[in-house]
Every structure is written in structure tokens, then in C-alpha cells.
file structure_34.pdb (PDB, C-alpha atoms)
ATOM      1  CA  MET A  16      -5.084  32.257  41.788  1.00  0.00           C
ATOM      2  CA  ASN A  17      -3.094  35.238  40.626  1.00  0.00           C
ATOM      3  CA  ALA A  18      -2.379  34.613  36.968  1.00  0.00           C
ATOM      4  CA  GLU A  19       0.448  36.701  35.495  1.00  0.00           C
ATOM      5  CA  ARG A  20      -0.243  39.207  32.709  1.00  0.00           C
ATOM      6  CA  ASP A  21       3.044  41.135  32.446  1.00  0.00           C
ATOM      7  CA  LEU A  22       5.001  39.799  29.448  1.00  0.00           C
ATOM      8  CA  THR A  23       8.465  40.377  30.907  1.00  0.00           C
ATOM      9  CA  ARG A  24       7.531  38.575  34.120  1.00  0.00           C
ATOM     10  CA  LEU A  25       5.861  35.791  32.131  1.00  0.00           C
ATOM     11  CA  LEU A  26       8.967  35.206  30.046  1.00  0.00           C
ATOM     12  CA  ALA A  27      11.352  35.524  32.990  1.00  0.00           C
ATOM     13  CA  GLY A  28       9.310  33.096  35.089  1.00  0.00           C
ATOM     14  CA  MET A  29       8.168  30.595  32.479  1.00  0.00           C
ATOM     15  CA  ARG A  30      10.380  27.726  33.766  1.00  0.00           C
ATOM     16  CA  PRO A  31       9.977  25.502  30.684  1.00  0.00           C
ATOM     17  CA  ASP A  32       9.772  21.818  31.567  1.00  0.00           C
ATOM     18  CA  LEU A  33      10.190  18.995  29.031  1.00  0.00           C
ATOM     19  CA  ASP A  34       7.957  15.970  29.492  1.00  0.00           C
ATOM     20  CA  PRO A  35       9.882  12.759  28.679  1.00  0.00           C
ATOM     21  CA  GLY A  36       7.042  11.357  26.560  1.00  0.00           C
ATOM     22  CA  ARG A  37       6.402  11.303  22.833  1.00  0.00           C
ATOM     23  CA  TYR A  38       3.079  12.792  21.703  1.00  0.00           C
ATOM     24  CA  VAL A  39       1.168  12.539  18.437  1.00  0.00           C
ATOM     25  CA  PHE A  40      -1.728  14.369  16.835  1.00  0.00           C
ATOM     26  CA  THR A  41      -4.455  12.162  15.405  1.00  0.00           C
ATOM     27  CA  THR A  42      -8.140  12.421  14.582  1.00  0.00           C
ATOM     28  CA  VAL A  43     -11.173  10.202  15.124  1.00  0.00           C
ATOM     29  CA  ASP A  44     -14.791  10.375  13.958  1.00  0.00           C
ATOM     30  CA  GLY A  45     -16.296   9.670  17.384  1.00  0.00           C
ATOM     31  CA  PRO A  46     -15.018   9.657  20.956  1.00  0.00           C
ATOM     32  CA  ALA A  47     -11.486   8.677  21.907  1.00  0.00           C
ATOM     33  CA  PRO A  48     -11.007   4.899  21.682  1.00  0.00           C
ATOM     34  CA  ALA A  49     -10.766   2.806  24.842  1.00  0.00           C
ATOM     35  CA  GLY A  50      -7.311   2.934  26.367  1.00  0.00           C
ATOM     36  CA  VAL A  51      -6.540   6.348  24.885  1.00  0.00           C
ATOM     37  CA  ALA A  52      -6.303   9.242  27.354  1.00  0.00           C
ATOM     38  CA  PRO A  53      -5.845  12.463  25.357  1.00  0.00           C
ATOM     39  CA  VAL A  54      -3.936  15.349  26.906  1.00  0.00           C
ATOM     40  CA  VAL A  55      -5.675  17.664  24.425  1.00  0.00           C
ATOM     41  CA  THR A  56      -8.877  17.377  22.401  1.00  0.00           C
ATOM     42  CA  VAL A  57     -10.152  19.780  19.771  1.00  0.00           C
ATOM     43  CA  ALA A  58     -13.578  19.332  18.190  1.00  0.00           C
ATOM     44  CA  GLU A  59     -13.499  20.237  14.503  1.00  0.00           C
ATOM     45  CA  PRO A  60     -16.074  19.691  11.748  1.00  0.00           C
ATOM     46  CA  GLU A  61     -13.746  17.066  10.222  1.00  0.00           C
ATOM     47  CA  GLY A  62     -13.455  15.056  13.442  1.00  0.00           C
ATOM     48  CA  LEU A  63     -12.096  15.067  16.979  1.00  0.00           C
ATOM     49  CA  THR A  64      -8.393  15.891  17.119  1.00  0.00           C
ATOM     50  CA  LEU A  65      -6.582  14.042  19.895  1.00  0.00           C
ATOM     51  CA  VAL A  66      -3.105  14.699  21.235  1.00  0.00           C
ATOM     52  CA  VAL A  67      -2.039  11.464  22.895  1.00  0.00           C
ATOM     53  CA  ARG A  68       1.055   9.590  23.944  1.00  0.00           C
ATOM     54  CA  GLN A  69       2.543   7.786  20.977  1.00  0.00           C
ATOM     55  CA  GLU A  70       2.363   4.385  22.654  1.00  0.00           C
ATOM     56  CA  GLU A  71      -1.400   4.810  23.214  1.00  0.00           C
ATOM     57  CA  ALA A  72      -1.941   5.778  19.569  1.00  0.00           C
ATOM     58  CA  ASP A  73       0.103   2.788  18.428  1.00  0.00           C
ATOM     59  CA  ALA A  74      -1.815   0.397  20.700  1.00  0.00           C
ATOM     60  CA  ALA A  75      -5.140   1.739  19.382  1.00  0.00           C
ATOM     61  CA  GLY A  76      -4.008   1.646  15.742  1.00  0.00           C
ATOM     62  CA  LEU A  77      -4.425   5.403  15.283  1.00  0.00           C
ATOM     63  CA  ALA A  78      -2.682   7.042  12.326  1.00  0.00           C
ATOM     64  CA  TYR A  79      -0.349  10.021  12.786  1.00  0.00           C
ATOM     65  CA  ASP A  80       2.596  11.599  11.028  1.00  0.00           C
ATOM     66  CA  TYR A  81       4.026  14.078  13.541  1.00  0.00           C
ATOM     67  CA  VAL A  82       5.767  13.048  16.756  1.00  0.00           C
ATOM     68  CA  ALA A  83       6.139  15.844  19.286  1.00  0.00           C
ATOM     69  CA  GLY A  84       7.802  16.601  22.563  1.00  0.00           C
ATOM     70  CA  ARG A  85       5.697  18.445  25.135  1.00  0.00           C
ATOM     71  CA  ILE A  86       7.123  21.466  26.949  1.00  0.00           C
ATOM     72  CA  THR A  87       5.064  23.002  29.731  1.00  0.00           C
ATOM     73  CA  LEU A  88       5.650  26.609  30.716  1.00  0.00           C
ATOM     74  CA  ARG A  89       5.364  26.484  34.502  1.00  0.00           C
ATOM     75  CA  VAL A  90       4.401  30.133  34.899  1.00  0.00           C
ATOM     76  CA  HIS A  91       0.687  30.626  35.642  1.00  0.00           C
ATOM     77  CA  SER A  92      -0.221  32.792  32.682  1.00  0.00           C
ATOM     78  CA  ALA A  93      -3.498  34.662  32.502  1.00  0.00           C
ATOM     79  CA  LEU A  94      -5.674  33.587  29.601  1.00  0.00           C
ATOM     80  CA  ASP A  95      -5.901  37.252  28.534  1.00  0.00           C
ATOM     81  CA  ALA A  96      -2.151  37.895  28.778  1.00  0.00           C
ATOM     82  CA  VAL A  97      -0.789  39.486  25.613  1.00  0.00           C
ATOM     83  CA  GLY A  98       2.376  38.400  23.828  1.00  0.00           C
ATOM     84  CA  LEU A  99       3.526  35.180  25.497  1.00  0.00           C
ATOM     85  CA  THR A 100       2.534  32.873  22.654  1.00  0.00           C
ATOM     86  CA  ALA A 101       3.986  35.261  20.053  1.00  0.00           C
ATOM     87  CA  ALA A 102       7.280  35.658  21.943  1.00  0.00           C
ATOM     88  CA  VAL A 103       7.751  31.931  22.487  1.00  0.00           C
ATOM     89  CA  ALA A 104       6.702  30.911  18.977  1.00  0.00           C
ATOM     90  CA  GLY A 105       8.839  33.693  17.490  1.00  0.00           C
ATOM     91  CA  GLU A 106      11.913  32.588  19.398  1.00  0.00           C
ATOM     92  CA  LEU A 107      11.450  28.993  18.285  1.00  0.00           C
ATOM     93  CA  ALA A 108      10.729  30.091  14.700  1.00  0.00           C
ATOM     94  CA  ALA A 109      13.991  32.059  14.668  1.00  0.00           C
ATOM     95  CA  ALA A 110      15.716  28.760  15.533  1.00  0.00           C
ATOM     96  CA  GLY A 111      13.857  26.995  12.704  1.00  0.00           C
ATOM     97  CA  MET A 112      11.405  25.114  14.918  1.00  0.00           C
ATOM     98  CA  SER A 113       7.636  24.796  14.680  1.00  0.00           C
ATOM     99  CA  CYS A 114       5.524  25.147  17.786  1.00  0.00           C
ATOM    100  CA  ASN A 115       1.946  24.068  18.431  1.00  0.00           C
ATOM    101  CA  VAL A 116       0.674  25.906  21.510  1.00  0.00           C
ATOM    102  CA  VAL A 117      -2.217  24.804  23.702  1.00  0.00           C
ATOM    103  CA  ALA A 118      -3.345  27.031  26.557  1.00  0.00           C
ATOM    104  CA  GLY A 119      -4.580  25.278  29.656  1.00  0.00           C
ATOM    105  CA  PHE A 120      -6.198  27.095  32.561  1.00  0.00           C
ATOM    106  CA  HIS A 121      -2.932  27.201  34.531  1.00  0.00           C
ATOM    107  CA  HIS A 122      -0.155  26.729  31.968  1.00  0.00           C
ATOM    108  CA  ASP A 123       0.734  26.840  28.300  1.00  0.00           C
ATOM    109  CA  HIS A 124       1.861  23.625  26.646  1.00  0.00           C
ATOM    110  CA  LEU A 125       4.100  23.622  23.589  1.00  0.00           C
ATOM    111  CA  PHE A 126       4.299  20.702  21.210  1.00  0.00           C
ATOM    112  CA  VAL A 127       7.536  20.776  19.227  1.00  0.00           C
ATOM    113  CA  GLU A 128       9.247  18.272  16.955  1.00  0.00           C
ATOM    114  CA  HIS A 129      10.315  15.459  19.280  1.00  0.00           C
ATOM    115  CA  ASP A 130      13.815  15.147  17.835  1.00  0.00           C
ATOM    116  CA  ARG A 131      14.453  18.835  18.578  1.00  0.00           C
ATOM    117  CA  ALA A 132      12.624  19.085  21.916  1.00  0.00           C
ATOM    118  CA  GLY A 133      15.842  19.361  23.954  1.00  0.00           C
ATOM    119  CA  GLU A 134      17.051  22.144  21.686  1.00  0.00           C
ATOM    120  CA  ALA A 135      13.674  23.894  22.011  1.00  0.00           C
ATOM    121  CA  LEU A 136      13.974  23.684  25.791  1.00  0.00           C
ATOM    122  CA  ASP A 137      17.417  25.315  25.596  1.00  0.00           C
ATOM    123  CA  VAL A 138      16.076  28.122  23.375  1.00  0.00           C
ATOM    124  CA  LEU A 139      13.210  28.812  25.780  1.00  0.00           C
ATOM    125  CA  SER A 140      15.470  28.673  28.839  1.00  0.00           C
ATOM    126  CA  ALA A 141      17.788  31.220  27.218  1.00  0.00           C
ATOM    127  CA  LEU A 142      14.816  33.482  26.453  1.00  0.00           C
ATOM    128  CA  SER A 143      13.720  33.221  30.073  1.00  0.00           C
ATOM    129  CA  ARG A 144      17.207  34.113  31.364  1.00  0.00           C
ATOM    130  CA  ARG A 145      17.432  37.130  29.019  1.00  0.00           C
ATOM    131  CA  SER A 146      14.014  38.308  30.167  1.00  0.00           C
ATOM    132  CA  ALA A 147      14.972  37.889  33.813  1.00  0.00           C
ATOM    133  CA  GLY A 148      18.074  40.007  33.167  1.00  0.00           C
ATOM    134  CA  ALA A 149      15.990  42.673  31.453  1.00  0.00           C
ATOM    135  CA  SER A 150      13.578  42.632  34.365  1.00  0.00           C
ATOM    136  CA  ASP A 151      16.415  42.949  36.900  1.00  0.00           C
ATOM    137  CA  SER A 152      18.012  45.890  35.099  1.00  0.00           C
ATOM    138  CA  ALA A 153      14.657  47.671  34.698  1.00  0.00           C
ATOM    139  CA  GLY A 154      13.716  47.245  38.344  1.00  0.00           C
TER     140      GLY A 154
END
call {"tool": "encode", "arguments": {"input": "structure_34.pdb", "output": "C-alpha cells"}}
result
Amino acid sequence: MNAERDLTRLLAGMRPDLDPGRYVFTTVDGPAPAGVAPVVTVAEPEGLTLVVRQEEADAAGLAYDYVAGRITLRVHSALDAVGLTAAVAGELAAAGMSCNVVAGFHHDHLFVEHDRAGEALDVLSALSRRSAGASDSAG
């Protein structure tokens, strides 16, 4: 399990992958309702934040106001790697896009506005290609 720490290699090898689903952020006072399988949970004093597929939230009657696309960076980033989140979020911010990042053990997952998810994927792919070129010319 060799997780990558080098920022240039992380960016060059991130292989962003867009999930076809629609995801929403919602909150509940107790556990996730039956039939809801969160991809992310965050325990906060105000309640349990759930990131779930939109159709599950709708079926359970959960309120939300943000619909996101989910992009997974397929590079195995080390949890103590420095700069990946900043580089990715900065690139998307420069294109006028928000980015909610969740780090899993193996990969980082980006939640971006669903209607711009394809554009976000293009921005990240371009960043990866530029980084690969920089890596090639440095090596």
C-alpha cells in the first residue's frame, strides 16, 4: 500500500473519474434512515451530515438544496500528502467552481455542482496533463 506523497506525481496521476450519479448533502438528528446508504457521514454538534444519492434522499423525504456530481481522484494519495487538495480546489476555483473534498483512505472524492461536473472533470484532466508534462520535462 504505497500511498503517493509527491505533489507533481499526485497531480499527474490523479486520473479523475466522474460518477454518473447525483449526490446531495443533508442532515439528520439520529442515524441514517432506512434505505439510505451514505457515501459520506460527518458527525457535527448540529446533527449527522449525510452525502447520499439524490434518489435515496428523495425516497426518504430528506431536505437538501445542493446537488453535486462526484469525482474520484484515482491516485492513491497519502493522508499526509501536502498540496493536493489546495491544487485541485484552486484550479476549480479559478474556473469559478466550488469543490467539497472528502479524503478516503485510498482516494480523494470531490463533490462539485452537478450541472458543471463534466466541466470540472475537464479542468482536472487538463491539470493532470500539465503536471505529467512538467514531470516528464523535469525527469
call {"tool": "residues_around", "arguments": {"input": "structure_34.pdb", "residues": "Gly119 (chain A)", "least_positions_apart": "2", "cutoff": "10 Å", "atoms": "only C-alpha atoms", "output": "list in words"}}
result
Val55, Thr87, His91, Ser92, Ala93, Leu94, Val116, Val117, His121, His122, Asp123 and His124 of chain A
call {"tool": "closest_residue", "arguments": {"input": "structure_34.pdb", "among": "A:Gly28, A:Gly84, A:Gly76, A:Pro60", "to": "Ala132 (chain A)", "atoms": "all atoms listed in the file"}}
result
A:Gly84
call {"tool": "closest_residue", "arguments": {"input": "structure_34.pdb", "among": "A:Leu139, A:Ala149, A:Val57, A:Ala83", "to": "Asn115 (chain A)", "atoms": "all atoms listed in the file"}}
result
A:Ala83
call {"tool": "resolve_selection", "arguments": {"input": "structure_34.pdb", "expression": "the PyMOL selection byres ((chain A and resi 112) around 8)", "output": "ChimeraX atom specification"}}
result
/A:107-111,113-114,127-128,131,135
call {"tool": "write_last_selection", "arguments": {"input": "structure_34.pdb", "atoms": "C-alpha atoms", "output": "PDB file, in the frame of the given file"}}
result
ATOM      1  CA  LEU A 107      11.450  28.993  18.285  1.00  0.00           C
ATOM      2  CA  ALA A 108      10.729  30.091  14.700  1.00  0.00           C
ATOM      3  CA  ALA A 109      13.991  32.059  14.668  1.00  0.00           C
ATOM      4  CA  ALA A 110      15.716  28.760  15.533  1.00  0.00           C
ATOM      5  CA  GLY A 111      13.857  26.995  12.704  1.00  0.00           C
ATOM      6  CA  SER A 113       7.636  24.796  14.680  1.00  0.00           C
ATOM      7  CA  CYS A 114       5.524  25.147  17.786  1.00  0.00           C
ATOM      8  CA  VAL A 127       7.536  20.776  19.227  1.00  0.00           C
ATOM      9  CA  GLU A 128       9.247  18.272  16.955  1.00  0.00           C
ATOM     10  CA  ARG A 131      14.453  18.835  18.578  1.00  0.00           C
ATOM     11  CA  ALA A 135      13.674  23.894  22.011  1.00  0.00           C
TER      12      ALA A 135
END
call {"tool": "closest_residue", "arguments": {"input": "structure_34.pdb", "among": "A:Arg24, A:Arg89, A:Arg30, A:Arg37", "to": "Ala118 (chain A)", "atoms": "only C-alpha atoms"}}
result
A:Arg89
call {"tool": "closest_residue", "arguments": {"input": "structure_34.pdb", "among": "A:Val43, A:Leu33, A:Leu88, A:Val97", "to": "Gly62 (chain A)", "atoms": "all atoms listed in the file"}}
result
A:Val43
call {"tool": "atom_distance", "arguments": {"input": "structure_34.pdb", "atom1": "CA of Glu70 (chain A)", "atom2": "CA of Val54 (chain A)"}}
result
13.3 Å
call {"tool": "build_atoms", "arguments": {"input": "structure_34.pdb", "residues": "region 92-116 of chain A", "atoms": "N, CA, C and O atoms", "output": "PDB file, in the frame of the given file"}}
result
ATOM      1  N   SER A  92       0.104  31.678  33.563  1.00  0.00           N
ATOM      2  CA  SER A  92      -0.221  32.792  32.682  1.00  0.00           C
ATOM      3  C   SER A  92      -1.728  33.029  32.654  1.00  0.00           C
ATOM      4  O   SER A  92      -2.520  32.094  32.651  1.00  0.00           O
ATOM      5  N   ALA A  93      -2.088  34.298  32.632  1.00  0.00           N
ATOM      6  CA  ALA A  93      -3.498  34.662  32.502  1.00  0.00           C
ATOM      7  C   ALA A  93      -3.947  34.351  31.078  1.00  0.00           C
ATOM      8  O   ALA A  93      -3.184  34.515  30.124  1.00  0.00           O
ATOM      9  N   LEU A  94      -5.164  33.907  30.933  1.00  0.00           N
ATOM     10  CA  LEU A  94      -5.674  33.587  29.601  1.00  0.00           C
ATOM     11  C   LEU A  94      -5.769  34.825  28.714  1.00  0.00           C
ATOM     12  O   LEU A  94      -5.729  34.718  27.492  1.00  0.00           O
ATOM     13  N   ASP A  95      -5.852  36.022  29.329  1.00  0.00           N
ATOM     14  CA  ASP A  95      -5.901  37.252  28.534  1.00  0.00           C
ATOM     15  C   ASP A  95      -4.559  37.973  28.476  1.00  0.00           C
ATOM     16  O   ASP A  95      -4.473  39.111  28.026  1.00  0.00           O
ATOM     17  N   ALA A  96      -3.490  37.310  28.885  1.00  0.00           N
ATOM     18  CA  ALA A  96      -2.151  37.895  28.778  1.00  0.00           C
ATOM     19  C   ALA A  96      -1.804  38.079  27.306  1.00  0.00           C
ATOM     20  O   ALA A  96      -2.146  37.248  26.462  1.00  0.00           O
ATOM     21  N   VAL A  97      -1.113  39.154  26.997  1.00  0.00           N
ATOM     22  CA  VAL A  97      -0.789  39.486  25.613  1.00  0.00           C
ATOM     23  C   VAL A  97       0.701  39.279  25.351  1.00  0.00           C
ATOM     24  O   VAL A  97       1.547  39.795  26.079  1.00  0.00           O
ATOM     25  N   GLY A  98       1.006  38.482  24.316  1.00  0.00           N
ATOM     26  CA  GLY A  98       2.376  38.400  23.828  1.00  0.00           C
ATOM     27  C   GLY A  98       3.163  37.155  24.142  1.00  0.00           C
ATOM     28  O   GLY A  98       4.188  36.912  23.506  1.00  0.00           O
ATOM     29  N   LEU A  99       2.739  36.351  25.108  1.00  0.00           N
ATOM     30  CA  LEU A  99       3.526  35.180  25.497  1.00  0.00           C
ATOM     31  C   LEU A  99       3.635  34.182  24.341  1.00  0.00           C
ATOM     32  O   LEU A  99       4.725  33.747  23.991  1.00  0.00           O
ATOM     33  N   THR A 100       2.514  33.837  23.757  1.00  0.00           N
ATOM     34  CA  THR A 100       2.534  32.873  22.654  1.00  0.00           C
ATOM     35  C   THR A 100       3.385  33.402  21.500  1.00  0.00           C
ATOM     36  O   THR A 100       4.206  32.664  20.939  1.00  0.00           O
ATOM     37  N   ALA A 101       3.221  34.669  21.155  1.00  0.00           N
ATOM     38  CA  ALA A 101       3.986  35.261  20.053  1.00  0.00           C
ATOM     39  C   ALA A 101       5.479  35.262  20.357  1.00  0.00           C
ATOM     40  O   ALA A 101       6.293  34.929  19.488  1.00  0.00           O
ATOM     41  N   ALA A 102       5.863  35.608  21.578  1.00  0.00           N
ATOM     42  CA  ALA A 102       7.280  35.658  21.943  1.00  0.00           C
ATOM     43  C   ALA A 102       7.909  34.271  21.896  1.00  0.00           C
ATOM     44  O   ALA A 102       9.007  34.087  21.352  1.00  0.00           O
ATOM     45  N   VAL A 103       7.227  33.298  22.443  1.00  0.00           N
ATOM     46  CA  VAL A 103       7.751  31.931  22.487  1.00  0.00           C
ATOM     47  C   VAL A 103       7.823  31.336  21.081  1.00  0.00           C
ATOM     48  O   VAL A 103       8.846  30.784  20.671  1.00  0.00           O
ATOM     49  N   ALA A 104       6.724  31.456  20.335  1.00  0.00           N
ATOM     50  CA  ALA A 104       6.702  30.911  18.977  1.00  0.00           C
ATOM     51  C   ALA A 104       7.718  31.630  18.089  1.00  0.00           C
ATOM     52  O   ALA A 104       8.381  30.996  17.260  1.00  0.00           O
ATOM     53  N   GLY A 105       7.866  32.929  18.269  1.00  0.00           N
ATOM     54  CA  GLY A 105       8.839  33.693  17.490  1.00  0.00           C
ATOM     55  C   GLY A 105      10.266  33.272  17.767  1.00  0.00           C
ATOM     56  O   GLY A 105      11.085  33.162  16.847  1.00  0.00           O
ATOM     57  N   GLU A 106      10.560  33.020  19.015  1.00  0.00           N
ATOM     58  CA  GLU A 106      11.913  32.588  19.398  1.00  0.00           C
ATOM     59  C   GLU A 106      12.212  31.215  18.797  1.00  0.00           C
ATOM     60  O   GLU A 106      13.310  30.973  18.279  1.00  0.00           O
ATOM     61  N   LEU A 107      11.254  30.323  18.870  1.00  0.00           N
ATOM     62  CA  LEU A 107      11.450  28.993  18.285  1.00  0.00           C
ATOM     63  C   LEU A 107      11.514  29.072  16.766  1.00  0.00           C
ATOM     64  O   LEU A 107      12.326  28.379  16.136  1.00  0.00           O
ATOM     65  N   ALA A 108      10.699  29.923  16.155  1.00  0.00           N
ATOM     66  CA  ALA A 108      10.729  30.091  14.700  1.00  0.00           C
ATOM     67  C   ALA A 108      12.093  30.608  14.246  1.00  0.00           C
ATOM     68  O   ALA A 108      12.631  30.157  13.229  1.00  0.00           O
ATOM     69  N   ALA A 109      12.668  31.529  15.004  1.00  0.00           N
ATOM     70  CA  ALA A 109      13.991  32.059  14.668  1.00  0.00           C
ATOM     71  C   ALA A 109      15.054  30.957  14.690  1.00  0.00           C
ATOM     72  O   ALA A 109      16.063  31.047  13.992  1.00  0.00           O
ATOM     73  N   ALA A 110      14.804  29.904  15.467  1.00  0.00           N
ATOM     74  CA  ALA A 110      15.716  28.760  15.533  1.00  0.00           C
ATOM     75  C   ALA A 110      15.301  27.662  14.550  1.00  0.00           C
ATOM     76  O   ALA A 110      15.852  26.565  14.572  1.00  0.00           O
ATOM     77  N   GLY A 111      14.299  27.949  13.712  1.00  0.00           N
ATOM     78  CA  GLY A 111      13.857  26.995  12.704  1.00  0.00           C
ATOM     79  C   GLY A 111      12.982  25.874  13.233  1.00  0.00           C
ATOM     80  O   GLY A 111      12.963  24.791  12.666  1.00  0.00           O
ATOM     81  N   MET A 112      12.253  26.145  14.309  1.00  0.00           N
ATOM     82  CA  MET A 112      11.405  25.114  14.918  1.00  0.00           C
ATOM     83  C   MET A 112       9.945  25.516  14.907  1.00  0.00           C
ATOM     84  O   MET A 112       9.613  26.662  15.205  1.00  0.00           O
ATOM     85  N   SER A 113       9.078  24.558  14.585  1.00  0.00           N
ATOM     86  CA  SER A 113       7.636  24.796  14.680  1.00  0.00           C
ATOM     87  C   SER A 113       7.203  24.655  16.127  1.00  0.00           C
ATOM     88  O   SER A 113       7.912  24.063  16.954  1.00  0.00           O
ATOM     89  N   CYS A 114       6.037  25.192  16.420  1.00  0.00           N
ATOM     90  CA  CYS A 114       5.524  25.147  17.786  1.00  0.00           C
ATOM     91  C   CYS A 114       4.010  25.157  17.734  1.00  0.00           C
ATOM     92  O   CYS A 114       3.408  26.055  17.150  1.00  0.00           O
ATOM     93  N   ASN A 115       3.397  24.141  18.312  1.00  0.00           N
ATOM     94  CA  ASN A 115       1.946  24.068  18.431  1.00  0.00           C
ATOM     95  C   ASN A 115       1.610  24.333  19.888  1.00  0.00           C
ATOM     96  O   ASN A 115       1.967  23.550  20.766  1.00  0.00           O
ATOM     97  N   VAL A 116       0.935  25.446  20.144  1.00  0.00           N
ATOM     98  CA  VAL A 116       0.674  25.906  21.510  1.00  0.00           C
ATOM     99  C   VAL A 116      -0.756  25.581  21.913  1.00  0.00           C
ATOM    100  O   VAL A 116      -1.690  25.821  21.152  1.00  0.00           O
TER     101      VAL A 116
END
